[in-house]
Amino acid sequence: MKVYDDKHIKNVVLLGASKAGKTTLSEAMLFEAGIINRRGTVEEKNTVSDYHEIEHERGSSVYATTMHTEWRNYKINIIDTPGLDDFIGEVISSLRVADTAVMLLNAEHGVEIGTELIWKYVEEFKKPIIFAINHVDHNKSDFEGTLEQAQKRFGKAITLMQYPLKQGDGFNAIIDLLKMIMYKFPTQGGKPQKLPIPPEELEKANRLHNELVEKAAENDDMLMEKFFEKGSLNEDELREGLKLGMLHHDVYPVFCISAKKDMGSGRLMGFIDNVAPSATDQFKEPLTNGSELASDPKGPAALFIFKTLIEPHLGKVCFFKVMSGEVKTGMDFYNPITRGSERINQLFIMDGKNRIPVEKFTAGDIGATLKLRNTQTNQTLCLPGKEYQFDPIHFPEARINTAIITKNKSDDDKLGAVLSDIHQEDPTLTVEYSSELRQIILSGQGELHLATAKWRLSHTYHLEVEFIKPRIPYRETIQKPSQANYRHKKQSGGSGQFGEVYLKVEPYYEDMPEPTGLSIRDKEVIELSWGGKLVFYNCIVGGVIDQRYLPSILKGVMEKMQEGPITGSFVRDVRVLVYDGKMHAVDSNDISFKIAGMMAFKEAFQLADPKILEPIYEIEIFVPEALMGDVVIDLQTRRSVILGMDTKGNYRVVRARTPLAELDKYSTSLRSITQGKGSYSGHFAEYASVPAEIQKKLAEEYKKMESH
Ligand SMILES: Nc1nc2c(ncn2[C@@H]2O[C@H](COP(=O)(O)OP(=O)(O)O)[C@@H](O)[C@H]2O)c(=O)[nH]1
Ligand SMILES: [Mg+2]
């Protein structure tokens, strides 16, 4: 394996909606360079990138996969990513280490919902970006339409580099506006002939070439001057201008390819070699201590782990980017988070599942190692004595939840360990035991994401699980003041139990006035861990209940607050005033007052017009204009309030407030309403009352459950 210096290493991530052709393009890029001698296809399930069994089963990518290719003295590291929103975590971690993103657009569909969702992250990371309009050989290809949509959506940075001479079946030639030549491909694709631009295309090509030159010149004053002087720029100057523009997100070069026919990938790679910024061209990387580090091969060695895979026969594989310096086999590193050391025993280039052992990697390169003891995704390995930590990847919060149970009770212990492995691989998949819901809750980005986790549990870990509906975390509160008293009395042989409590309950709201008509001795404001407040007043006069029993009364109230009287849910926003009672010189004790407090509270609560609150989510749905009506109608059947509608690119965004209870399996419904063209995300907004008929139903269900 040839050793490349830092200026000859380029890291690209392939992005785009599902089916845009990323995996097919990566295969063509490896094939063209001779890294593989047979071009696999997604259909035949023999691509380098989609090598996991689940990818074969689904016929599309689930994991981000690293590969490398070598093109004209450059090493290009390629990360192929999945296009579905469910696997967005893979896209984000790949973007974090890539130096240029290649966004594929499908010439048949233009800017898709999947493009929009990924674009959000491209903007966040501000990585240089190239657009590649793919599928131009397709008989429904609309190159111009796609370009127009891209201009409309992504703005004037869109810079055309090429266009197809003919689209559809007859596609076999590309007019290149930088080199001002025509590439003509043999039927089976591959290496093109370089021909002059046909005369009938010259006028168009010249016009577009001039636009390109102007775009390149705009990025640098020196180039602008030269452009005014000479009226043009040479190829090197053009490259320089484009590179600067790419670094500042002022230029998004647009290419034209057919990944399937292997047409155009060589020119794209040539451009990546010569123009796309390398790691050393990038701005310095910020460190969490406020300083920054340049990607310099002579700098101190530092690795950033951006991905972890747990492969059945290999164990843990950690993928890293060399952020500075060099890494060689046998080196010892220090992990500032675990404060432990790690030895690098083996280094590999990973091309899908193929491992190529190497002795070293230099700054800017991407590689993998095995058997790190304690190091995980998002951690930095640096030289002992340093405390470098790079800005971690910020993964999005989970969007959907399911409760998970094992089919065999005996697997319960195993489940926890396996799920923690899976979380290590995919930080967007989280698992926790909810003591409130009394369920293990698995959370992820979408139903397909969760289904993939289930598939892995079964196929890789031989663990059969079932997904069940997670309980809804209802809350209970009251709507009017009331009062009650309870006498707890027990006479059994020796010492008895006695405690009597009179209390009032009132709905609590922020800034409510202090109670009147009672003499307040003491007040405690408790911020409830499940949200809302309990305000507890001691209004006892004349010592009818001893001061030392009040904490027990509070304890009793709190116990009932954790298991509300109507549905057993948490109670919130109540004010409790203990104003009278009785005690017994011998028989009174803590437990008696706790029970009396609890029972008095329960009774008062039930008389105070109790209501059930449910979590309301604010959701945002992306949908093509034509399908918006159907989406809104469906939302109305889900007790939603529509908050507004906006336009984003070619899509409409519907914002609504919907009860969590109505969102179960919503992404599947949305997919079927929109034929896969809609997507949604949401977050908890607030608690609101459930309608009376639902309250009645929930209360009855709880009563039934209690009596069993
Ligand atoms: N006609 C045509 N089909 C393509 C092209 N590129 C990919 N495909 C097909 O589109 C489908 C999806 O391709 P794939 O590479 O898996 O897309 P990905 O989801 O972006 O990785 C496969 O059936 C490919 O054979 C292309 O340039 N032209
Ligand atoms: Mg793919």
# chains A, B, ... in the order shown; residues from 1 in each chain; ligands from 1
call {"tool": "residues_near_ligand", "arguments": {"ligand": "ligand 1", "cutoff": "10 Å", "atoms": "only C-alpha atoms and all ligand atoms", "output": "mmCIF file with C-alpha atoms, in the first residue's frame"}}
result
data_model
loop_
_atom_site.group_PDB
_atom_site.id
_atom_site.type_symbol
_atom_site.label_atom_id
_atom_site.label_comp_id
_atom_site.auth_asym_id
_atom_site.auth_seq_id
_atom_site.Cartn_x
_atom_site.Cartn_y
_atom_site.Cartn_z
ATOM 1 C CA LEU A 14 -21.593 10.254 0.266
ATOM 2 C CA LEU A 15 -24.936 11.706 1.256
ATOM 3 C CA GLY A 16 -28.384 11.742 -0.235
ATOM 4 C CA ALA A 17 -31.906 10.421 -0.009
ATOM 5 C CA SER A 18 -32.387 6.683 -0.024
ATOM 6 C CA LYS A 19 -31.910 5.154 -3.490
ATOM 7 C CA ALA A 20 -30.060 8.199 -4.818
ATOM 8 C CA GLY A 21 -27.248 5.804 -5.774
ATOM 9 C CA LYS A 22 -24.598 6.361 -3.087
ATOM 10 C CA THR A 23 -23.716 2.714 -2.637
ATOM 11 C CA THR A 24 -23.621 2.179 -6.389
ATOM 12 C CA LEU A 25 -21.372 5.224 -6.807
ATOM 13 C CA SER A 26 -18.951 4.059 -4.125
ATOM 14 C CA GLU A 27 -18.694 0.718 -5.901
ATOM 15 C CA ALA A 28 -17.934 2.513 -9.194
ATOM 16 C CA GLY A 40 -21.019 -5.442 -7.553
ATOM 17 C CA THR A 41 -24.595 -4.185 -7.502
ATOM 18 C CA VAL A 42 -27.069 -3.524 -4.760
ATOM 19 C CA GLU A 43 -29.475 -5.993 -6.388
ATOM 20 C CA GLU A 44 -26.932 -8.811 -6.413
ATOM 21 C CA LYS A 45 -26.039 -8.005 -2.796
ATOM 22 C CA THR A 47 -21.228 -4.406 -3.060
ATOM 23 C CA SER A 49 -20.323 -1.078 1.100
ATOM 24 C CA ASP A 50 -23.564 -2.933 1.869
ATOM 25 C CA GLU A 55 -28.493 -4.573 4.279
ATOM 26 C CA GLY A 59 -31.697 -4.005 -0.219
ATOM 27 C CA SER A 60 -30.298 -0.719 1.065
ATOM 28 C CA SER A 61 -27.712 0.697 3.439
ATOM 29 C CA VAL A 62 -28.215 0.674 7.193
ATOM 30 C CA ASP A 80 -21.087 5.641 2.204
ATOM 31 C CA THR A 81 -24.075 6.475 4.379
ATOM 32 C CA PRO A 82 -27.664 5.271 4.608
ATOM 33 C CA GLY A 83 -30.218 7.712 3.208
ATOM 34 C CA LEU A 84 -33.118 7.079 5.550
ATOM 35 C CA MET A 103 -24.664 14.973 -2.004
ATOM 36 C CA LEU A 104 -26.324 12.794 -4.595
ATOM 37 C CA LEU A 105 -29.531 13.973 -6.183
ATOM 38 C CA ASN A 106 -31.677 11.581 -8.120
ATOM 39 C CA ALA A 107 -32.359 13.214 -11.501
ATOM 40 C CA GLU A 108 -35.693 11.469 -11.588
ATOM 41 C CA ILE A 133 -26.876 14.584 -10.080
ATOM 42 C CA ASN A 134 -27.194 10.842 -10.592
ATOM 43 C CA HIS A 135 -29.538 8.580 -12.578
ATOM 44 C CA VAL A 136 -29.148 10.749 -15.711
ATOM 45 C CA ASP A 137 -29.353 7.536 -17.759
ATOM 46 C CA HIS A 138 -32.863 6.926 -16.386
ATOM 47 C CA ASN A 139 -35.634 7.429 -18.923
ATOM 48 C CA LYS A 140 -37.366 9.834 -16.540
ATOM 49 C CA SER A 141 -34.217 11.804 -15.798
ATOM 50 C CA GLY A 168 -32.102 8.805 -20.558
ATOM 51 C CA ASP A 169 -31.203 5.654 -22.466
ATOM 52 C CA CYS A 256 -23.490 14.839 -13.573
ATOM 53 C CA ILE A 257 -23.142 11.052 -13.297
ATOM 54 C CA SER A 258 -24.643 7.682 -13.874
ATOM 55 C CA ALA A 259 -23.376 5.513 -11.049
ATOM 56 C CA LYS A 260 -25.124 2.495 -12.479
ATOM 57 C CA LYS A 261 -23.493 2.796 -15.895
ATOM 58 C CA ASP A 262 -20.205 3.871 -14.327
ATOM 59 C CA MET A 263 -20.143 7.142 -16.202
ATOM 60 C CA GLY A 264 -18.648 10.246 -14.633
#
call {"tool": "closest_residue", "arguments": {"among": "A:His52, A:Lys191, A:Lys215, A:Lys184", "to": "ligand 2", "atoms": "only C-alpha atoms and all ligand atoms"}}
result
A:His52
call {"tool": "closest_residue", "arguments": {"among": "A:Ile472, A:Ile79, A:Ile616, A:Ile9", "to": "ligand 2", "atoms": "only C-alpha atoms and all ligand atoms"}}
result
A:Ile79
call {"tool": "residues_around", "arguments": {"residues": "Gly649 in chain A", "least_positions_apart": "2", "cutoff": "8 Å", "atoms": "only C-alpha atoms", "output": "NGL selection string"}}
result
:A and (152-153 or 647 or 651-652)
call {"tool": "select_by_dssp", "arguments": {"residues": "range 62-261 of chain A", "states": "helix (DSSP H, G or I)", "output": "short mmCIF file (atom, residue, chain, number, x, y, z; two decimals) with N, CA, C and O atoms, in the first residue's frame"}}
result
data_model
loop_
_atom_site.label_atom_id
_atom_site.label_comp_id
_atom_site.auth_asym_id
_atom_site.auth_seq_id
_atom_site.Cartn_x
_atom_site.Cartn_y
_atom_site.Cartn_z
N ASP A 85 -33.84 8.63 7.16
CA ASP A 85 -33.89 9.39 8.38
C ASP A 85 -33.66 8.56 9.65
O ASP A 85 -33.08 9.02 10.62
N ASP A 86 -34.09 7.33 9.60
CA ASP A 86 -33.95 6.44 10.75
C ASP A 86 -32.49 6.26 11.15
O ASP A 86 -32.18 5.99 12.30
N PHE A 87 -31.60 6.37 10.16
CA PHE A 87 -30.19 6.09 10.43
C PHE A 87 -29.37 7.38 10.38
O PHE A 87 -28.19 7.36 10.05
N ILE A 88 -29.97 8.47 10.74
CA ILE A 88 -29.34 9.78 10.64
C ILE A 88 -28.06 9.86 11.50
O ILE A 88 -27.13 10.58 11.17
N GLY A 89 -28.02 9.07 12.56
CA GLY A 89 -26.83 9.05 13.42
C GLY A 89 -25.58 8.68 12.62
O GLY A 89 -24.50 9.24 12.83
N GLU A 90 -25.74 7.75 11.68
CA GLU A 90 -24.61 7.31 10.85
C GLU A 90 -24.15 8.45 9.95
O GLU A 90 -22.97 8.59 9.66
N VAL A 91 -25.10 9.23 9.49
CA VAL A 91 -24.78 10.37 8.61
C VAL A 91 -24.02 11.43 9.42
O VAL A 91 -23.01 11.97 8.97
N ILE A 92 -24.50 11.69 10.62
CA ILE A 92 -23.90 12.75 11.43
C ILE A 92 -22.46 12.41 11.81
O ILE A 92 -21.56 13.25 11.68
N SER A 93 -22.22 11.17 12.24
CA SER A 93 -20.85 10.85 12.65
C SER A 93 -19.91 10.84 11.45
O SER A 93 -18.74 11.19 11.56
N SER A 94 -20.43 10.48 10.27
CA SER A 94 -19.59 10.49 9.08
C SER A 94 -19.27 11.92 8.65
O SER A 94 -18.15 12.23 8.27
N LEU A 95 -20.27 12.78 8.73
CA LEU A 95 -20.06 14.19 8.38
C LEU A 95 -19.01 14.83 9.30
O LEU A 95 -18.24 15.68 8.88
N ARG A 96 -19.02 14.39 10.53
CA ARG A 96 -18.10 14.98 11.51
C ARG A 96 -16.64 14.83 11.07
O ARG A 96 -15.83 15.71 11.33
N VAL A 97 -16.30 13.71 10.41
CA VAL A 97 -14.90 13.48 10.05
C VAL A 97 -14.60 13.69 8.57
O VAL A 97 -13.44 13.69 8.16
N ILE A 113 -37.31 14.66 0.07
CA ILE A 113 -37.45 14.88 1.51
C ILE A 113 -36.17 14.44 2.24
O ILE A 113 -35.69 15.08 3.16
N GLY A 114 -35.61 13.31 1.76
CA GLY A 114 -34.36 12.80 2.36
C GLY A 114 -33.23 13.80 2.20
O GLY A 114 -32.39 13.95 3.09
N THR A 115 -33.20 14.50 1.07
CA THR A 115 -32.17 15.51 0.84
C THR A 115 -32.33 16.63 1.88
O THR A 115 -31.36 17.08 2.48
N GLU A 116 -33.56 17.05 2.06
CA GLU A 116 -33.85 18.13 3.01
C GLU A 116 -33.38 17.79 4.42
O GLU A 116 -32.78 18.60 5.11
N LEU A 117 -33.69 16.56 4.83
CA LEU A 117 -33.37 16.17 6.20
C LEU A 117 -31.86 16.15 6.42
O LEU A 117 -31.37 16.55 7.48
N ILE A 118 -31.12 15.71 5.41
CA ILE A 118 -29.68 15.64 5.54
C ILE A 118 -29.06 17.04 5.43
O ILE A 118 -28.08 17.35 6.09
N TRP A 119 -29.69 17.87 4.61
CA TRP A 119 -29.16 19.22 4.40
C TRP A 119 -29.02 20.00 5.71
O TRP A 119 -28.08 20.76 5.92
N LYS A 120 -29.97 19.76 6.58
CA LYS A 120 -29.94 20.40 7.90
C LYS A 120 -28.57 20.19 8.57
O LYS A 120 -28.00 21.10 9.16
N TYR A 121 -28.05 18.98 8.44
CA TYR A 121 -26.77 18.67 9.10
C TYR A 121 -25.58 19.20 8.30
O TYR A 121 -24.57 19.57 8.86
N VAL A 122 -25.72 19.22 6.96
CA VAL A 122 -24.64 19.78 6.14
C VAL A 122 -24.45 21.24 6.56
O VAL A 122 -23.33 21.72 6.71
N GLU A 123 -25.54 21.94 6.75
CA GLU A 123 -25.46 23.35 7.14
C GLU A 123 -24.86 23.49 8.53
O GLU A 123 -24.06 24.39 8.78
N GLU A 124 -25.25 22.59 9.41
CA GLU A 124 -24.75 22.66 10.78
C GLU A 124 -23.22 22.48 10.79
O GLU A 124 -22.51 23.18 11.48
N PHE A 125 -22.73 21.52 10.01
CA PHE A 125 -21.29 21.23 10.01
C PHE A 125 -20.52 22.16 9.07
O PHE A 125 -19.31 22.23 9.14
N PHE A 143 -32.52 16.42 -15.69
CA PHE A 143 -31.33 17.09 -15.17
C PHE A 143 -31.59 18.57 -14.90
O PHE A 143 -31.28 19.08 -13.82
N GLU A 144 -32.20 19.25 -15.87
CA GLU A 144 -32.42 20.70 -15.72
C GLU A 144 -33.38 20.99 -14.57
O GLU A 144 -33.16 21.91 -13.79
N GLY A 145 -34.45 20.18 -14.50
CA GLY A 145 -35.43 20.37 -13.43
C GLY A 145 -34.77 20.19 -12.07
O GLY A 145 -35.02 20.94 -11.12
N THR A 146 -33.93 19.17 -11.97
CA THR A 146 -33.25 18.90 -10.71
C THR A 146 -32.31 20.05 -10.35
O THR A 146 -32.27 20.51 -9.21
N LEU A 147 -31.60 20.54 -11.36
CA LEU A 147 -30.68 21.65 -11.14
C LEU A 147 -31.45 22.89 -10.67
O LEU A 147 -31.05 23.58 -9.73
N GLU A 148 -32.59 23.11 -11.31
CA GLU A 148 -33.40 24.27 -10.96
C GLU A 148 -33.89 24.18 -9.51
O GLU A 148 -33.83 25.14 -8.75
N GLN A 149 -34.36 22.98 -9.16
CA GLN A 149 -34.80 22.77 -7.77
C GLN A 149 -33.66 23.02 -6.79
O GLN A 149 -33.84 23.62 -5.74
N ALA A 150 -32.48 22.55 -7.16
CA ALA A 150 -31.32 22.72 -6.28
C ALA A 150 -30.99 24.21 -6.14
O ALA A 150 -30.71 24.69 -5.04
N GLN A 151 -31.07 24.95 -7.25
CA GLN A 151 -30.79 26.39 -7.18
C GLN A 151 -31.80 27.09 -6.29
O GLN A 151 -31.46 27.95 -5.49
N LYS A 152 -33.04 26.67 -6.46
CA LYS A 152 -34.11 27.30 -5.69
C LYS A 152 -33.92 27.00 -4.20
O LYS A 152 -34.08 27.85 -3.34
N ARG A 153 -33.54 25.76 -3.91
CA ARG A 153 -33.46 25.35 -2.51
C ARG A 153 -32.13 25.75 -1.86
O ARG A 153 -32.09 26.17 -0.72
N PHE A 154 -31.01 25.58 -2.59
CA PHE A 154 -29.70 25.75 -1.94
C PHE A 154 -29.01 27.06 -2.32
O PHE A 154 -27.93 27.36 -1.85
N GLY A 168 -31.34 10.03 -20.31
CA GLY A 168 -32.10 8.80 -20.56
C GLY A 168 -31.23 7.72 -21.17
O GLY A 168 -30.01 7.72 -20.98
N ASP A 169 -31.89 6.81 -21.89
CA ASP A 169 -31.20 5.65 -22.47
C ASP A 169 -29.94 6.01 -23.24
O ASP A 169 -28.95 5.31 -23.20
N GLY A 170 -30.03 7.12 -23.96
CA GLY A 170 -28.91 7.48 -24.84
C GLY A 170 -27.78 8.21 -24.12
O GLY A 170 -26.82 8.64 -24.75
N PRO A 199 -19.93 21.50 -32.00
CA PRO A 199 -20.19 22.91 -32.32
C PRO A 199 -21.55 23.40 -31.86
O PRO A 199 -21.67 24.51 -31.36
N GLU A 200 -22.58 22.51 -31.98
CA GLU A 200 -23.92 22.98 -31.62
C GLU A 200 -24.08 23.22 -30.11
O GLU A 200 -25.04 23.83 -29.66
N GLU A 201 -23.12 22.72 -29.33
CA GLU A 201 -23.19 22.93 -27.88
C GLU A 201 -22.30 24.08 -27.43
O GLU A 201 -22.32 24.48 -26.26
N LEU A 202 -21.48 24.57 -28.36
CA LEU A 202 -20.44 25.53 -27.94
C LEU A 202 -20.99 26.80 -27.31
O LEU A 202 -20.47 27.27 -26.30
N GLU A 203 -22.03 27.32 -27.89
CA GLU A 203 -22.55 28.58 -27.37
C GLU A 203 -22.99 28.41 -25.91
O GLU A 203 -22.61 29.18 -25.02
N LYS A 204 -23.77 27.36 -25.67
CA LYS A 204 -24.25 27.08 -24.31
C LYS A 204 -23.07 26.83 -23.37
O LYS A 204 -22.99 27.37 -22.27
N ALA A 205 -22.14 25.99 -23.84
CA ALA A 205 -20.99 25.63 -23.00
C ALA A 205 -20.16 26.88 -22.66
O ALA A 205 -19.74 27.05 -21.52
N ASN A 206 -19.95 27.73 -23.64
CA ASN A 206 -19.17 28.95 -23.39
C ASN A 206 -19.85 29.84 -22.36
O ASN A 206 -19.21 30.38 -21.46
N ARG A 207 -21.14 29.98 -22.53
CA ARG A 207 -21.89 30.83 -21.60
C ARG A 207 -21.76 30.27 -20.17
O ARG A 207 -21.45 31.00 -19.22
N LEU A 208 -21.97 28.97 -20.04
CA LEU A 208 -21.91 28.37 -18.70
C LEU A 208 -20.47 28.38 -18.16
O LEU A 208 -20.26 28.54 -16.96
N HIS A 209 -19.51 28.22 -19.05
CA HIS A 209 -18.10 28.29 -18.64
C HIS A 209 -17.81 29.67 -18.05
O HIS A 209 -17.19 29.79 -16.98
N ASN A 210 -18.27 30.70 -18.72
CA ASN A 210 -18.03 32.06 -18.21
C ASN A 210 -18.67 32.28 -16.85
O ASN A 210 -18.08 32.91 -15.97
N GLU A 211 -19.87 31.74 -16.69
CA GLU A 211 -20.52 31.85 -15.37
C GLU A 211 -19.66 31.17 -14.31
O GLU A 211 -19.50 31.68 -13.20
N LEU A 212 -19.11 30.02 -14.68
CA LEU A 212 -18.28 29.26 -13.75
C LEU A 212 -17.01 30.06 -13.38
O LEU A 212 -16.63 30.13 -12.21
N VAL A 213 -16.39 30.64 -14.40
CA VAL A 213 -15.16 31.41 -14.15
C VAL A 213 -15.45 32.58 -13.21
O VAL A 213 -14.73 32.82 -12.25
N GLU A 214 -16.55 33.23 -13.46
CA GLU A 214 -16.91 34.37 -12.61
C GLU A 214 -17.14 33.93 -11.17
O GLU A 214 -16.69 34.56 -10.23
N LYS A 215 -17.83 32.80 -11.03
CA LYS A 215 -18.12 32.24 -9.71
C LYS A 215 -16.82 31.93 -8.96
O LYS A 215 -16.68 32.19 -7.77
N ALA A 216 -15.85 31.36 -9.71
CA ALA A 216 -14.58 30.99 -9.09
C ALA A 216 -13.80 32.24 -8.70
O ALA A 216 -13.19 32.30 -7.62
N ALA A 217 -13.85 33.27 -9.56
CA ALA A 217 -13.08 34.48 -9.30
C ALA A 217 -13.59 35.23 -8.08
O ALA A 217 -12.81 35.83 -7.33
N ASP A 221 -9.78 38.17 -4.01
CA ASP A 221 -9.53 39.47 -4.66
C ASP A 221 -8.49 39.36 -5.77
O ASP A 221 -8.62 39.96 -6.83
N MET A 222 -7.43 38.56 -5.49
CA MET A 222 -6.36 38.38 -6.48
C MET A 222 -6.92 37.79 -7.78
O MET A 222 -6.60 38.22 -8.88
N LEU A 223 -7.76 36.75 -7.60
CA LEU A 223 -8.34 36.09 -8.76
C LEU A 223 -9.26 37.05 -9.51
O LEU A 223 -9.29 37.07 -10.74
N MET A 224 -9.96 37.84 -8.76
CA MET A 224 -10.90 38.80 -9.36
C MET A 224 -10.11 39.78 -10.24
O MET A 224 -10.52 40.07 -11.37
N GLU A 225 -8.99 40.24 -9.72
CA GLU A 225 -8.14 41.17 -10.48
C GLU A 225 -7.68 40.53 -11.79
O GLU A 225 -7.78 41.11 -12.86
N LYS A 226 -7.18 39.28 -11.64
CA LYS A 226 -6.70 38.56 -12.82
C LYS A 226 -7.80 38.40 -13.85
O LYS A 226 -7.59 38.56 -15.05
N PHE A 227 -8.97 38.10 -13.33
CA PHE A 227 -10.12 37.88 -14.21
C PHE A 227 -10.44 39.16 -14.99
O PHE A 227 -10.67 39.14 -16.19
N PHE A 228 -10.38 40.30 -14.30
CA PHE A 228 -10.65 41.57 -14.98
C PHE A 228 -9.57 41.90 -16.02
O PHE A 228 -9.85 42.41 -17.09
N GLU A 229 -8.33 41.56 -15.64
CA GLU A 229 -7.21 41.82 -16.55
C GLU A 229 -7.31 40.99 -17.82
O GLU A 229 -7.27 41.49 -18.93
N LYS A 230 -7.44 39.64 -17.59
CA LYS A 230 -7.33 38.73 -18.73
C LYS A 230 -8.68 38.34 -19.33
O LYS A 230 -8.75 37.74 -20.39
N GLU A 235 -6.78 26.95 -15.64
CA GLU A 235 -7.39 25.85 -14.88
C GLU A 235 -6.97 25.85 -13.41
O GLU A 235 -7.79 25.64 -12.52
N ASP A 236 -5.69 26.14 -13.15
CA ASP A 236 -5.22 26.16 -11.76
C ASP A 236 -5.89 27.27 -10.96
O ASP A 236 -6.25 27.08 -9.80
N GLU A 237 -6.02 28.41 -11.61
CA GLU A 237 -6.68 29.53 -10.91
C GLU A 237 -8.14 29.21 -10.63
O GLU A 237 -8.67 29.51 -9.56
N LEU A 238 -8.76 28.56 -11.59
CA LEU A 238 -10.16 28.15 -11.38
C LEU A 238 -10.27 27.22 -10.19
O LEU A 238 -11.13 27.38 -9.33
N ARG A 239 -9.39 26.25 -10.14
CA ARG A 239 -9.40 25.28 -9.03
C ARG A 239 -9.23 25.99 -7.70
O ARG A 239 -9.91 25.68 -6.72
N GLU A 240 -8.28 26.92 -7.66
CA GLU A 240 -8.01 27.64 -6.43
C GLU A 240 -9.25 28.41 -5.97
O GLU A 240 -9.65 28.36 -4.81
N GLY A 241 -9.87 29.09 -6.92
CA GLY A 241 -11.07 29.87 -6.61
C GLY A 241 -12.20 28.98 -6.13
O GLY A 241 -12.90 29.30 -5.16
N LEU A 242 -12.37 27.85 -6.79
CA LEU A 242 -13.46 26.94 -6.41
C LEU A 242 -13.21 26.35 -5.02
O LEU A 242 -14.13 26.22 -4.21
N LYS A 243 -11.95 26.02 -4.75
CA LYS A 243 -11.63 25.44 -3.44
C LYS A 243 -11.96 26.45 -2.33
O LYS A 243 -12.60 26.10 -1.33
N LEU A 244 -11.55 27.70 -2.54
CA LEU A 244 -11.86 28.73 -1.54
C LEU A 244 -13.37 28.88 -1.36
O LEU A 244 -13.88 28.96 -0.24
N GLY A 245 -14.06 28.89 -2.48
CA GLY A 245 -15.51 29.01 -2.43
C GLY A 245 -16.14 27.84 -1.69
O GLY A 245 -17.08 28.01 -0.91
N MET A 246 -15.61 26.65 -1.91
CA MET A 246 -16.15 25.46 -1.23
C MET A 246 -15.92 25.55 0.27
O MET A 246 -16.80 25.23 1.07
N LEU A 247 -14.73 26.00 0.65
CA LEU A 247 -14.42 26.10 2.08
C LEU A 247 -15.36 27.07 2.80
O LEU A 247 -15.69 26.88 3.96
#
call {"tool": "residues_around", "arguments": {"residues": "Ala692 in chain A", "least_positions_apart": "4", "cutoff": "9 Å", "atoms": "only C-alpha atoms", "output": "VMD selection string"}}
result
chain A and resid 611 696 to 697
call {"tool": "residues_around", "arguments": {"residues": "Tyr549 in chain A", "least_positions_apart": "2", "cutoff": "10 Å", "atoms": "only C-alpha atoms", "output": "list in words"}}
result
Gly499, Ile545, Asp546, Gln547, Pro551, Ser552, Ile553, Leu554, Lys555, Met583, Ser588, Asn589, Asp590, Ile591, Ser592, Phe593 and Lys594 of chain A
call {"tool": "residues_around", "arguments": {"residues": "Gly542 in chain A", "least_positions_apart": "6", "cutoff": "12 Å", "atoms": "only C-alpha atoms", "output": "VMD selection string"}}
result
chain A and resid 519 521 579 to 582
call {"tool": "closest_residue", "arguments": {"among": "A:Lys703, A:His56, A:His683, A:His8", "to": "ligand 2", "atoms": "only C-alpha atoms and all ligand atoms"}}
result
A:His56
call {"tool": "closest_residue", "arguments": {"among": "A:Glu112, A:Glu693, A:Glu506, A:Asp664", "to": "Arg471 in chain A", "atoms": "only C-alpha atoms"}}
result
A:Asp664
